[in-house]
$ cat model-v3.csv   # CSV, C-alpha atoms
chain,number,residue,atom,x,y,z
A,1,MET,CA,17.1,86.7,-12.0
A,2,ALA,CA,19.0,89.2,-10.0
A,3,ASN,CA,22.3,88.0,-8.6
A,4,PRO,CA,21.7,87.2,-4.9
A,5,LEU,CA,25.2,88.2,-4.1
A,6,ALA,CA,25.0,91.7,-5.8
A,7,GLN,CA,23.7,93.1,-2.5
A,8,PHE,CA,27.1,92.6,-0.9
A,9,GLU,CA,29.1,94.6,-3.5
A,10,ILE,CA,31.1,97.5,-2.2
A,11,LYS,CA,30.6,100.6,-4.3
A,12,PRO,CA,32.7,103.7,-3.7
A,13,ILE,CA,30.7,106.8,-3.2
A,14,ALA,CA,33.6,109.3,-3.0
A,15,GLU,CA,37.0,108.1,-4.2
A,16,ILE,CA,39.8,108.9,-1.9
A,17,GLN,CA,43.4,107.7,-2.6
A,18,ILE,CA,46.1,108.1,-0.1
A,19,GLY,CA,49.3,107.0,-1.7
A,20,ASP,CA,48.8,103.3,-2.7
A,21,PHE,CA,46.0,103.0,-0.1
A,22,ASP,CA,42.4,103.1,-1.3
A,23,ALA,CA,40.5,104.9,1.4
A,24,SER,CA,37.3,105.6,-0.6
A,25,PHE,CA,34.1,106.4,1.2
A,26,THR,CA,32.0,103.4,0.2
A,27,ASN,CA,28.4,102.4,0.7
A,28,SER,CA,29.6,100.3,3.6
A,29,SER,CA,31.2,103.3,5.3
A,30,ALA,CA,28.0,105.3,4.6
A,31,PHE,CA,25.9,102.8,6.4
A,32,MET,CA,28.3,102.7,9.3
A,33,VAL,CA,28.0,106.4,9.6
A,34,LEU,CA,24.2,106.1,9.3
A,35,THR,CA,24.2,103.4,12.0
A,36,VAL,CA,26.2,105.6,14.4
A,37,ALA,CA,23.9,108.5,13.7
A,38,ALA,CA,20.8,106.4,14.2
A,39,VAL,CA,22.1,105.0,17.6
A,40,THR,CA,23.0,108.5,18.8
A,41,LEU,CA,19.8,110.1,17.7
A,42,PHE,CA,17.8,107.2,19.2
A,43,LEU,CA,19.4,107.5,22.6
A,44,VAL,CA,19.7,111.3,22.7
A,45,LEU,CA,16.2,112.1,21.5
A,46,SER,CA,14.4,109.4,23.5
A,47,MET,CA,16.2,110.5,26.7
A,48,ARG,CA,15.7,114.2,26.1
A,49,ARG,CA,12.7,114.5,28.4
A,50,ARG,CA,14.0,112.4,31.2
A,51,ALA,CA,10.5,111.7,32.5
A,52,ILE,CA,10.1,109.8,35.7
A,53,VAL,CA,7.4,107.7,34.0
A,54,PRO,CA,9.1,106.9,30.7
A,55,GLY,CA,7.2,107.2,27.4
A,56,ARG,CA,7.5,104.7,24.6
A,57,TRP,CA,10.9,105.9,23.2
A,58,GLN,CA,12.4,106.5,26.6
A,59,SER,CA,11.3,103.1,27.7
A,60,MET,CA,13.1,101.5,24.7
A,61,ALA,CA,16.3,103.4,25.5
A,62,GLU,CA,16.1,102.4,29.1
A,63,LEU,CA,15.4,98.8,28.2
A,64,SER,CA,18.4,98.5,26.0
A,65,TYR,CA,20.6,100.1,28.6
A,66,GLU,CA,19.3,97.7,31.3
A,67,PHE,CA,19.6,94.8,29.0
A,68,VAL,CA,23.3,95.4,28.4
A,69,ALA,CA,24.0,96.4,32.0
A,70,ASN,CA,22.5,93.1,33.2
A,71,MET,CA,24.5,91.2,30.6
A,72,VAL,CA,27.8,92.8,31.8
A,73,ARG,CA,26.9,92.2,35.5
A,74,ASP,CA,25.9,88.6,35.0
A,75,ASN,CA,28.9,87.7,32.9
A,76,VAL,CA,31.7,89.8,34.3
A,77,GLY,CA,30.5,90.8,37.7
A,78,ASN,CA,30.8,94.1,39.4
A,79,GLU,CA,34.3,94.7,38.1
A,80,GLY,CA,32.9,94.7,34.6
A,81,ARG,CA,31.0,98.0,35.2
A,82,ARG,CA,33.8,100.2,34.0
A,83,TYR,CA,33.8,98.4,30.6
A,84,PHE,CA,30.1,99.0,30.2
A,85,PRO,CA,30.4,101.9,27.8
A,86,PHE,CA,32.4,99.9,25.3
A,87,ILE,CA,30.1,96.8,25.5
A,88,PHE,CA,27.0,99.0,25.1
A,89,SER,CA,28.4,100.8,22.1
A,90,LEU,CA,29.4,97.5,20.6
A,91,PHE,CA,26.0,96.0,21.1
A,92,MET,CA,24.1,99.0,19.8
A,93,PHE,CA,26.4,99.3,16.7
A,94,ILE,CA,26.0,95.7,15.7
A,95,LEU,CA,22.3,95.6,16.5
A,96,PHE,CA,21.5,98.7,14.6
A,97,GLY,CA,23.8,97.7,11.7
A,98,ASN,CA,21.9,94.4,11.5
A,99,LEU,CA,18.5,95.9,11.7
A,100,ILE,CA,19.2,98.8,9.2
A,101,GLY,CA,20.5,96.1,6.8
A,102,LEU,CA,17.1,94.5,6.8
A,103,ILE,CA,15.5,97.5,5.2
A,104,PRO,CA,15.1,96.8,1.4
A,105,TYR,CA,18.0,98.3,-0.7
A,106,ALA,CA,20.1,98.9,2.4
A,107,PHE,CA,23.6,97.6,2.8
A,108,THR,CA,24.5,95.3,5.6
A,109,PHE,CA,28.0,96.0,6.7
A,110,THR,CA,28.0,93.2,9.3
A,111,SER,CA,27.8,90.8,6.3
A,112,HIS,CA,31.5,91.5,5.5
A,113,ILE,CA,34.0,89.5,7.4
A,114,ILE,CA,36.6,92.3,7.5
A,115,VAL,CA,34.1,94.5,9.4
A,116,THR,CA,33.3,91.8,11.9
A,117,PHE,CA,36.9,90.8,12.2
A,118,ALA,CA,37.9,94.3,12.9
A,119,MET,CA,35.4,94.5,15.7
A,120,ALA,CA,36.5,91.1,17.0
A,121,ILE,CA,40.2,91.9,16.9
A,122,VAL,CA,39.5,95.1,18.9
A,123,VAL,CA,37.7,93.1,21.6
A,124,PHE,CA,40.5,90.5,21.5
A,125,LEU,CA,43.4,92.9,21.8
A,126,GLY,CA,41.5,95.0,24.4
A,127,VAL,CA,40.8,91.9,26.5
A,128,THR,CA,44.4,90.8,26.3
A,129,VAL,CA,45.7,94.2,27.3
A,130,ILE,CA,43.3,94.3,30.2
A,131,GLY,CA,44.4,90.9,31.3
A,132,PHE,CA,48.1,91.9,31.2
A,133,LEU,CA,47.4,95.2,32.9
A,134,ARG,CA,45.5,93.6,35.8
A,135,HIS,CA,47.5,90.5,36.3
A,136,GLY,CA,50.9,91.3,34.7
A,137,VAL,CA,52.9,88.2,34.0
A,138,HIS,CA,50.4,86.1,35.9
A,139,PHE,CA,48.1,86.4,33.0
A,140,LEU,CA,50.3,83.9,31.2
A,141,GLY,CA,49.2,81.4,33.8
A,142,PHE,CA,45.9,81.4,31.9
A,143,PHE,CA,47.5,79.2,29.3
A,144,VAL,CA,48.8,76.7,31.8
A,145,PRO,CA,46.2,74.0,32.7
A,146,LYS,CA,46.0,73.3,36.4
A,147,GLY,CA,46.5,69.8,37.8
A,148,VAL,CA,48.5,68.5,34.9
A,149,HIS,CA,52.0,67.0,35.0
A,150,PRO,CA,54.5,69.5,33.6
A,151,VAL,CA,55.6,67.1,30.9
A,152,MET,CA,52.1,67.5,29.3
A,153,TRP,CA,52.5,71.3,29.1
A,154,ILE,CA,54.5,70.8,25.9
A,155,LEU,CA,51.3,69.6,24.3
A,156,LEU,CA,48.7,71.5,26.2
A,157,ILE,CA,50.1,75.0,26.3
A,158,PRO,CA,50.1,75.3,22.4
A,159,ILE,CA,46.6,74.0,22.4
A,160,GLU,CA,45.5,76.5,25.0
A,161,VAL,CA,47.3,79.3,23.0
A,162,LEU,CA,45.6,78.3,19.8
A,163,SER,CA,42.3,78.1,21.5
A,164,TYR,CA,42.8,81.6,22.7
A,165,LEU,CA,43.9,82.9,19.3
A,166,SER,CA,40.9,81.3,17.6
A,167,ARG,CA,38.5,83.6,19.6
A,168,PRO,CA,38.5,86.6,17.3
A,169,VAL,CA,38.2,84.2,14.3
A,170,SER,CA,35.2,82.4,15.6
A,171,LEU,CA,33.6,85.6,16.9
A,172,SER,CA,33.9,87.3,13.5
A,173,ILE,CA,32.9,84.2,11.4
A,174,ARG,CA,29.8,83.7,13.4
A,175,LEU,CA,28.4,87.2,12.9
A,176,PHE,CA,29.4,87.5,9.3
A,177,ALA,CA,28.2,84.1,8.2
A,178,ASN,CA,24.9,84.5,9.9
A,179,MET,CA,24.2,87.8,8.2
A,180,MET,CA,25.5,86.8,4.8
A,181,ALA,CA,23.7,83.5,4.7
A,182,GLY,CA,20.4,85.0,5.9
A,183,HIS,CA,20.5,87.9,3.3
A,184,THR,CA,21.5,85.5,0.5
A,185,MET,CA,18.7,83.1,1.3
A,186,LEU,CA,16.2,85.9,1.5
A,187,LYS,CA,17.3,87.2,-1.9
A,188,VAL,CA,17.2,83.7,-3.5
A,189,PHE,CA,13.7,83.0,-2.4
A,190,ALA,CA,12.5,86.5,-3.3
A,191,GLY,CA,14.1,86.1,-6.8
A,192,PHE,CA,11.8,83.1,-7.4
A,193,ILE,CA,8.5,84.9,-6.8
A,194,ILE,CA,8.1,86.7,-10.1
A,195,PRO,CA,9.5,84.0,-12.5
A,196,LEU,CA,7.2,81.4,-11.0
A,197,GLY,CA,4.2,83.7,-11.7
A,198,ILE,CA,0.8,83.9,-10.0
A,199,LEU,CA,0.4,80.1,-9.7
A,200,GLY,CA,3.7,79.0,-8.2
A,201,GLY,CA,5.0,82.3,-6.8
A,202,TRP,CA,3.1,82.0,-3.5
A,203,ALA,CA,5.4,79.3,-2.1
A,204,PRO,CA,8.6,81.4,-2.3
A,205,LEU,CA,6.6,84.5,-1.2
A,206,ALA,CA,5.5,82.7,2.0
A,207,MET,CA,9.1,81.5,2.5
A,208,ALA,CA,10.4,85.1,2.1
A,209,VAL,CA,7.9,86.4,4.6
A,210,ALA,CA,8.8,83.7,7.1
A,211,LEU,CA,12.6,84.3,6.5
A,212,SER,CA,12.2,88.0,7.0
A,213,GLY,CA,10.7,87.4,10.4
A,214,PHE,CA,13.5,84.9,11.1
A,215,GLU,CA,16.1,87.5,10.0
A,216,PHE,CA,14.9,89.9,12.7
A,217,LEU,CA,15.5,87.3,15.3
A,218,VAL,CA,18.9,86.5,13.8
A,219,ALA,CA,19.8,90.3,13.7
A,220,PHE,CA,19.1,90.6,17.4
A,221,LEU,CA,20.5,87.2,18.4
A,222,GLN,CA,23.8,87.7,16.7
A,223,ALA,CA,24.3,91.1,18.2
A,224,TYR,CA,23.5,89.5,21.6
A,225,VAL,CA,25.9,86.6,21.0
A,226,PHE,CA,28.7,88.8,19.9
A,227,THR,CA,28.5,91.0,23.0
A,228,VAL,CA,27.9,88.2,25.4
A,229,LEU,CA,31.0,86.5,24.2
A,230,ALA,CA,32.9,89.7,24.5
A,231,CYS,CA,31.7,89.8,28.1
A,232,LEU,CA,32.8,86.2,28.7
A,233,TYR,CA,36.3,86.9,27.3
A,234,LEU,CA,36.5,90.0,29.4
A,235,ASN,CA,35.5,87.9,32.4
A,236,ASP,CA,38.4,85.5,31.7
A,237,ALA,CA,40.8,88.5,31.6
A,238,VAL,CA,39.4,90.1,34.8
A,239,HIS,CA,39.1,87.0,36.9
A,240,LEU,CA,41.7,84.7,35.4
A,241,HIS,CA,40.1,81.3,35.6
B,1,MET,CA,1.0,118.5,62.5
B,2,SER,CA,1.6,116.4,59.5
B,3,ASP,CA,5.4,116.8,59.2
B,4,GLU,CA,6.8,116.1,62.7
B,5,LYS,CA,9.7,113.9,61.5
B,6,PRO,CA,12.7,116.0,60.6
B,7,PRO,CA,13.9,115.5,57.0
B,8,LEU,CA,16.9,113.2,56.7
B,9,SER,CA,20.2,115.0,56.6
B,10,LEU,CA,22.4,114.3,53.5
B,11,ASP,CA,24.9,112.3,55.5
B,12,GLU,CA,22.2,110.0,56.8
B,13,LEU,CA,20.8,109.6,53.3
B,14,ASP,CA,24.3,108.9,52.0
B,15,ALA,CA,24.8,106.2,54.6
B,16,ARG,CA,21.5,104.6,53.8
B,17,LEU,CA,22.2,104.6,50.1
B,18,ARG,CA,25.6,103.0,50.7
B,19,LYS,CA,24.1,100.4,52.9
B,20,ALA,CA,21.4,99.6,50.3
B,21,LYS,CA,24.0,99.4,47.5
B,22,ALA,CA,26.2,97.2,49.5
B,23,GLU,CA,23.3,94.8,50.2
B,24,GLN,CA,22.5,94.8,46.5
B,25,HIS,CA,26.0,93.9,45.6
B,26,GLN,CA,26.1,91.2,48.2
B,27,HIS,CA,23.5,89.3,46.3
B,28,GLU,CA,25.4,89.4,43.1
B,29,PRO,CA,28.0,86.8,42.9
B,30,ASP,CA,31.2,88.2,41.5
B,31,GLY,CA,31.6,86.2,38.3
B,32,PRO,CA,29.5,84.6,35.7
B,33,ARG,CA,26.0,83.4,36.5
B,34,GLY,CA,24.6,80.7,34.3
B,35,GLY,CA,25.0,80.5,30.6
B,36,ALA,CA,23.3,82.4,27.9
B,37,SER,CA,20.0,80.9,26.7
B,38,MET,CA,20.0,80.5,23.0
B,39,SER,CA,18.0,78.8,20.3
B,40,GLY,CA,19.0,75.4,19.1
B,41,PHE,CA,20.0,76.9,15.8
B,42,GLY,CA,22.3,79.5,17.4
B,43,MET,CA,23.8,76.8,19.7
B,44,ALA,CA,24.6,74.5,16.7
B,45,PHE,CA,26.1,77.4,14.8
B,46,ARG,CA,28.2,78.5,17.7
B,47,ILE,CA,29.6,75.0,18.3
B,48,GLY,CA,30.4,74.7,14.6
B,49,THR,CA,32.3,77.9,14.3
B,50,GLU,CA,34.3,77.2,17.4
B,51,LEU,CA,35.5,74.0,15.9
B,52,VAL,CA,36.3,75.5,12.5
B,53,ALA,CA,37.9,78.7,13.8
B,54,ALA,CA,40.5,76.9,15.9
B,55,LEU,CA,41.3,74.6,13.0
B,56,LEU,CA,41.7,77.6,10.7
B,57,VAL,CA,44.0,79.3,13.1
B,58,GLY,CA,46.1,76.2,13.5
B,59,VAL,CA,46.5,75.6,9.8
B,60,GLY,CA,47.2,79.2,9.2
B,61,PHE,CA,49.9,79.2,11.8
B,62,GLY,CA,51.4,76.1,10.4
B,63,LEU,CA,51.5,77.5,6.8
B,64,VAL,CA,53.0,80.8,7.9
B,65,LEU,CA,55.7,79.0,10.0
B,66,ASP,CA,56.5,76.7,7.1
B,67,GLY,CA,56.8,79.5,4.6
B,68,TRP,CA,59.0,81.4,7.0
B,69,LEU,CA,61.3,78.5,8.1
B,70,ASP,CA,61.2,76.5,4.8
B,71,THR,CA,60.2,73.4,6.6
B,72,ALA,CA,57.1,72.4,4.7
B,73,PRO,CA,55.0,70.4,5.5
B,74,TRP,CA,56.1,69.7,9.1
B,75,PHE,CA,54.7,72.7,10.9
B,76,LEU,CA,51.4,72.4,8.9
B,77,VAL,CA,51.1,68.8,10.1
B,78,VAL,CA,51.9,69.6,13.7
B,79,PHE,CA,49.6,72.7,13.9
B,80,PHE,CA,46.8,70.9,12.1
B,81,PHE,CA,46.5,68.5,14.9
B,82,LEU,CA,47.1,71.1,17.6
B,83,GLY,CA,44.4,73.2,15.9
B,84,ALA,CA,42.0,70.3,15.9
B,85,GLY,CA,42.7,69.7,19.6
B,86,ALA,CA,42.1,73.4,20.3
B,87,GLY,CA,38.9,73.2,18.4
B,88,ILE,CA,37.6,70.3,20.4
B,89,LEU,CA,38.7,72.1,23.6
B,90,ASN,CA,36.7,75.2,22.4
B,91,VAL,CA,33.6,73.0,21.7
B,92,TYR,CA,33.9,71.4,25.1
B,93,ARG,CA,34.0,74.8,26.8
B,94,ALA,CA,31.2,76.3,24.8
B,95,ALA,CA,29.0,73.2,25.5
B,96,ASN,CA,30.0,73.4,29.2
B,97,ARG,CA,28.9,77.0,29.3
B,98,MET,CA,25.5,76.1,27.9
B,99,GLY,CA,25.3,73.4,30.5
B,100,THR,CA,24.9,70.5,28.1
B,101,ALA,CA,28.3,68.8,28.3
B,102,PRO,CA,28.7,65.6,30.2
B,103,ARG,CA,30.1,66.3,33.7
B,104,LEU,CA,33.5,64.8,34.2
B,105,ILE,CA,34.5,63.3,37.5
B,106,GLY,CA,36.3,65.9,39.6
B,107,ASP,CA,35.0,68.7,37.4
B,108,GLN,CA,33.3,70.9,40.0
B,109,THR,CA,33.1,74.3,38.3
B,110,PRO,CA,29.5,74.9,37.4
B,111,ASP,CA,30.3,77.4,34.7
B,112,GLY,CA,32.9,75.0,33.4
B,113,ASP,CA,36.1,76.6,32.3
B,114,GLY,CA,37.0,73.3,30.8
B,115,LYS,CA,40.0,72.5,32.9
B,116,GLY,CA,38.5,69.2,33.9
B,117,PRO,CA,39.4,67.1,30.8
B,118,ALA,CA,43.0,68.2,31.0
B,119,GLU,CA,43.4,66.1,34.1
B,120,LYS,CA,43.3,63.0,32.0
B,121,GLY,CA,46.6,63.9,30.5
$ encode --input "model-v3.csv" --output "structure tokens"
Amino acid sequence: MANPLAQFEIKPIAEIQIGDFDASFTNSSAFMVLTVAAVTLFLVLSMRRRAIVPGRWQSMAELSYEFVANMVRDNVGNEGRRYFPFIFSLFMFILFGNLIGLIPYAFTFTSHIIVTFAMAIVVFLGVTVIGFLRHGVHFLGFFVPKGVHPVMWILLIPIEVLSYLSRPVSLSIRLFANMMAGHTMLKVFAGFIIPLGILGGWAPLAMAVALSGFEFLVAFLQAYVFTVLACLYLNDAVHLH
Amino acid sequence: MSDEKPPLSLDELDARLRKAKAEQHQHEPDGPRGGASMSGFGMAFRIGTELVAALLVGVGFGLVLDGWLDTAPWFLVVFFFLGAGAGILNVYRAANRMGTAPRLIGDQTPDGDGKGPAEKG
């Protein structure tokens, strides 16, 4: 049976070595480029006609725009509008990366924790910088619980700081674990179909079909969860609760 | 005979647009509205990662500080418990945002930033 984890292997396509640093163009990078190209093509081509009554493609592009715009407005409020381009790019990148990864033989770059962690740390650092830019030193008050005796601060401030620092970790683990678990499970069930033959192969086949449908849901849901949490963190930085 | 009303000047149009926009914005509360609706599976996974992530950060912090200051295992012990506390705080906040956490007395924020339980200290 094929190794269910072989699909996550990083294979260099073009080897590039800068000093001691391995900067090879890998299958992971290739699919990231493909994702960016697909998102750009999708949005540019579908909005080319700019019809008042949208066609199918334009409708999809407008739907995704409105979906993210509503998400930003609901979670951050009106001040969140200026961060919309970033949130929208983030959402489309993760969503298309997840969906392209579902194509057989494709590589899912969101199933690598370093990729999701890089995205999460960008969100985390960006939100922290926005918080400090908007509120200056007052942003540190975010870590001081209100209505608590100052003696308890010794215990509670480290907990608040750790809770804040754990955000990029939980954000990246969630996306990576969901994608990796789903793809591994799919591969394991698919691997049983041929060995079990025509008599017993139907059960794993049915399972693989059901899981494929479920994976589409997960691909969308995880992109949504990632961006909604980015919005919530942005809201904390903008409004300072 | 059909077109007796003069067309709106651009200034008038601008004023009307601004009025309509202002009205639209008035209906939008500035801040979060309700939590995200998620499937039970997504919710369970979210809670789990929140707990584990904080613990990981705490333990990592402790190990790094120990290695740096040569005080093993004291910082690991301290930060393990702080990380566990942060994890529980994370879970409480995540559950609060989903609207499923028990409401504590004196906790009036509907979106729940989790400042309520701190009052017990």
$ atom_distance --input "model-v3.csv" --atom1 "CA of Val59 (chain B)" --atom2 "CA of Val77 (chain B)"
8.2 Å
$ closest_residue --input "model-v3.csv" --among "A:Leu229, A:Glu215, A:Pro158, A:Arg174" --to "Phe80 (chain B)" --atoms "only C-alpha atoms"
A:Pro158
$ closest_atom_pairs --input "model-v3.csv" --of "chain A" --to "chain B" --cutoff "9 Å" --atoms "all atoms listed in the file" --output "Markdown table"
| residue | atom | partner | partner_atom | distance |
| --- | --- | --- | --- | --- |
| A:Arg73 | CA | B:Pro32 | CA | 8.0 |
| A:Asp74 | CA | B:Arg33 | CA | 5.4 |
| A:Asn75 | CA | B:Pro32 | CA | 4.2 |
| A:Val76 | CA | B:Gly31 | CA | 5.4 |
| A:Gly77 | CA | B:Asp30 | CA | 4.7 |
| A:Asn78 | CA | B:Asp30 | CA | 6.3 |
| A:Glu79 | CA | B:Asp30 | CA | 8.0 |
| A:Pro145 | CA | B:Lys115 | CA | 6.4 |
| A:Lys146 | CA | B:Lys115 | CA | 7.0 |
| A:Gly147 | CA | B:Glu119 | CA | 6.1 |
| A:Val148 | CA | B:Glu119 | CA | 5.7 |
| A:His149 | CA | B:Gly121 | CA | 7.7 |
| A:Met152 | CA | B:Gly121 | CA | 6.7 |
| A:Leu155 | CA | B:Leu82 | CA | 8.0 |
| A:Leu156 | CA | B:Ala118 | CA | 8.1 |
| A:Pro158 | CA | B:Leu82 | CA | 7.0 |
| A:Ile159 | CA | B:Ala86 | CA | 5.0 |
| A:Glu160 | CA | B:Ala86 | CA | 6.6 |
| A:Val161 | CA | B:Ala86 | CA | 8.3 |
| A:Leu162 | CA | B:Ala86 | CA | 6.0 |
| A:Ser163 | CA | B:Ala86 | CA | 4.9 |
| A:Tyr164 | CA | B:Ala86 | CA | 8.6 |
| A:Leu165 | CA | B:Val57 | CA | 7.2 |
| A:Ser166 | CA | B:Ala54 | CA | 4.7 |
| A:Arg167 | CA | B:Ala53 | CA | 7.6 |
| A:Pro168 | CA | B:Ala53 | CA | 8.7 |
| A:Val169 | CA | B:Ala53 | CA | 5.5 |
| A:Ser170 | CA | B:Ala53 | CA | 4.9 |
| A:Leu171 | CA | B:Thr49 | CA | 8.2 |
| A:Ile173 | CA | B:Thr49 | CA | 7.0 |
| A:Arg174 | CA | B:Thr49 | CA | 6.4 |
| A:Asn178 | CA | B:Phe45 | CA | 8.7 |
| A:Val218 | CA | B:Gly42 | CA | 8.6 |
| A:Leu221 | CA | B:Gly42 | CA | 8.0 |
| A:Gln222 | CA | B:Gly42 | CA | 8.4 |
| A:Val225 | CA | B:Ala36 | CA | 8.5 |
| A:Val228 | CA | B:Ala36 | CA | 7.8 |
| A:Leu232 | CA | B:Pro32 | CA | 7.9 |
| A:Asn235 | CA | B:Gly31 | CA | 7.3 |
| A:His239 | CA | B:Gly31 | CA | 7.7 |
| A:His241 | CA | B:Asp113 | CA | 7.0 |
$ atom_distance --input "model-v3.csv" --atom1 "CA of Leu205 (chain A)" --atom2 "CA of Leu186 (chain A)"
10.1 Å
$ atom_distance --input "model-v3.csv" --atom1 "CA of Tyr83 (chain A)" --atom2 "CA of Leu95 (chain A)"
18.4 Å
$ closest_residue --input "model-v3.csv" --among "A:Ser28, A:Asn98, A:Ser64, A:Ser59" --to "Leu217 (chain A)" --atoms "all atoms listed in the file"
A:Asn98
$ closest_residue --input "model-v3.csv" --among "A:Trp202, A:Phe93, A:Phe226, A:Phe31" --to "Ile10 (chain A)" --atoms "only C-alpha atoms"
A:Phe31
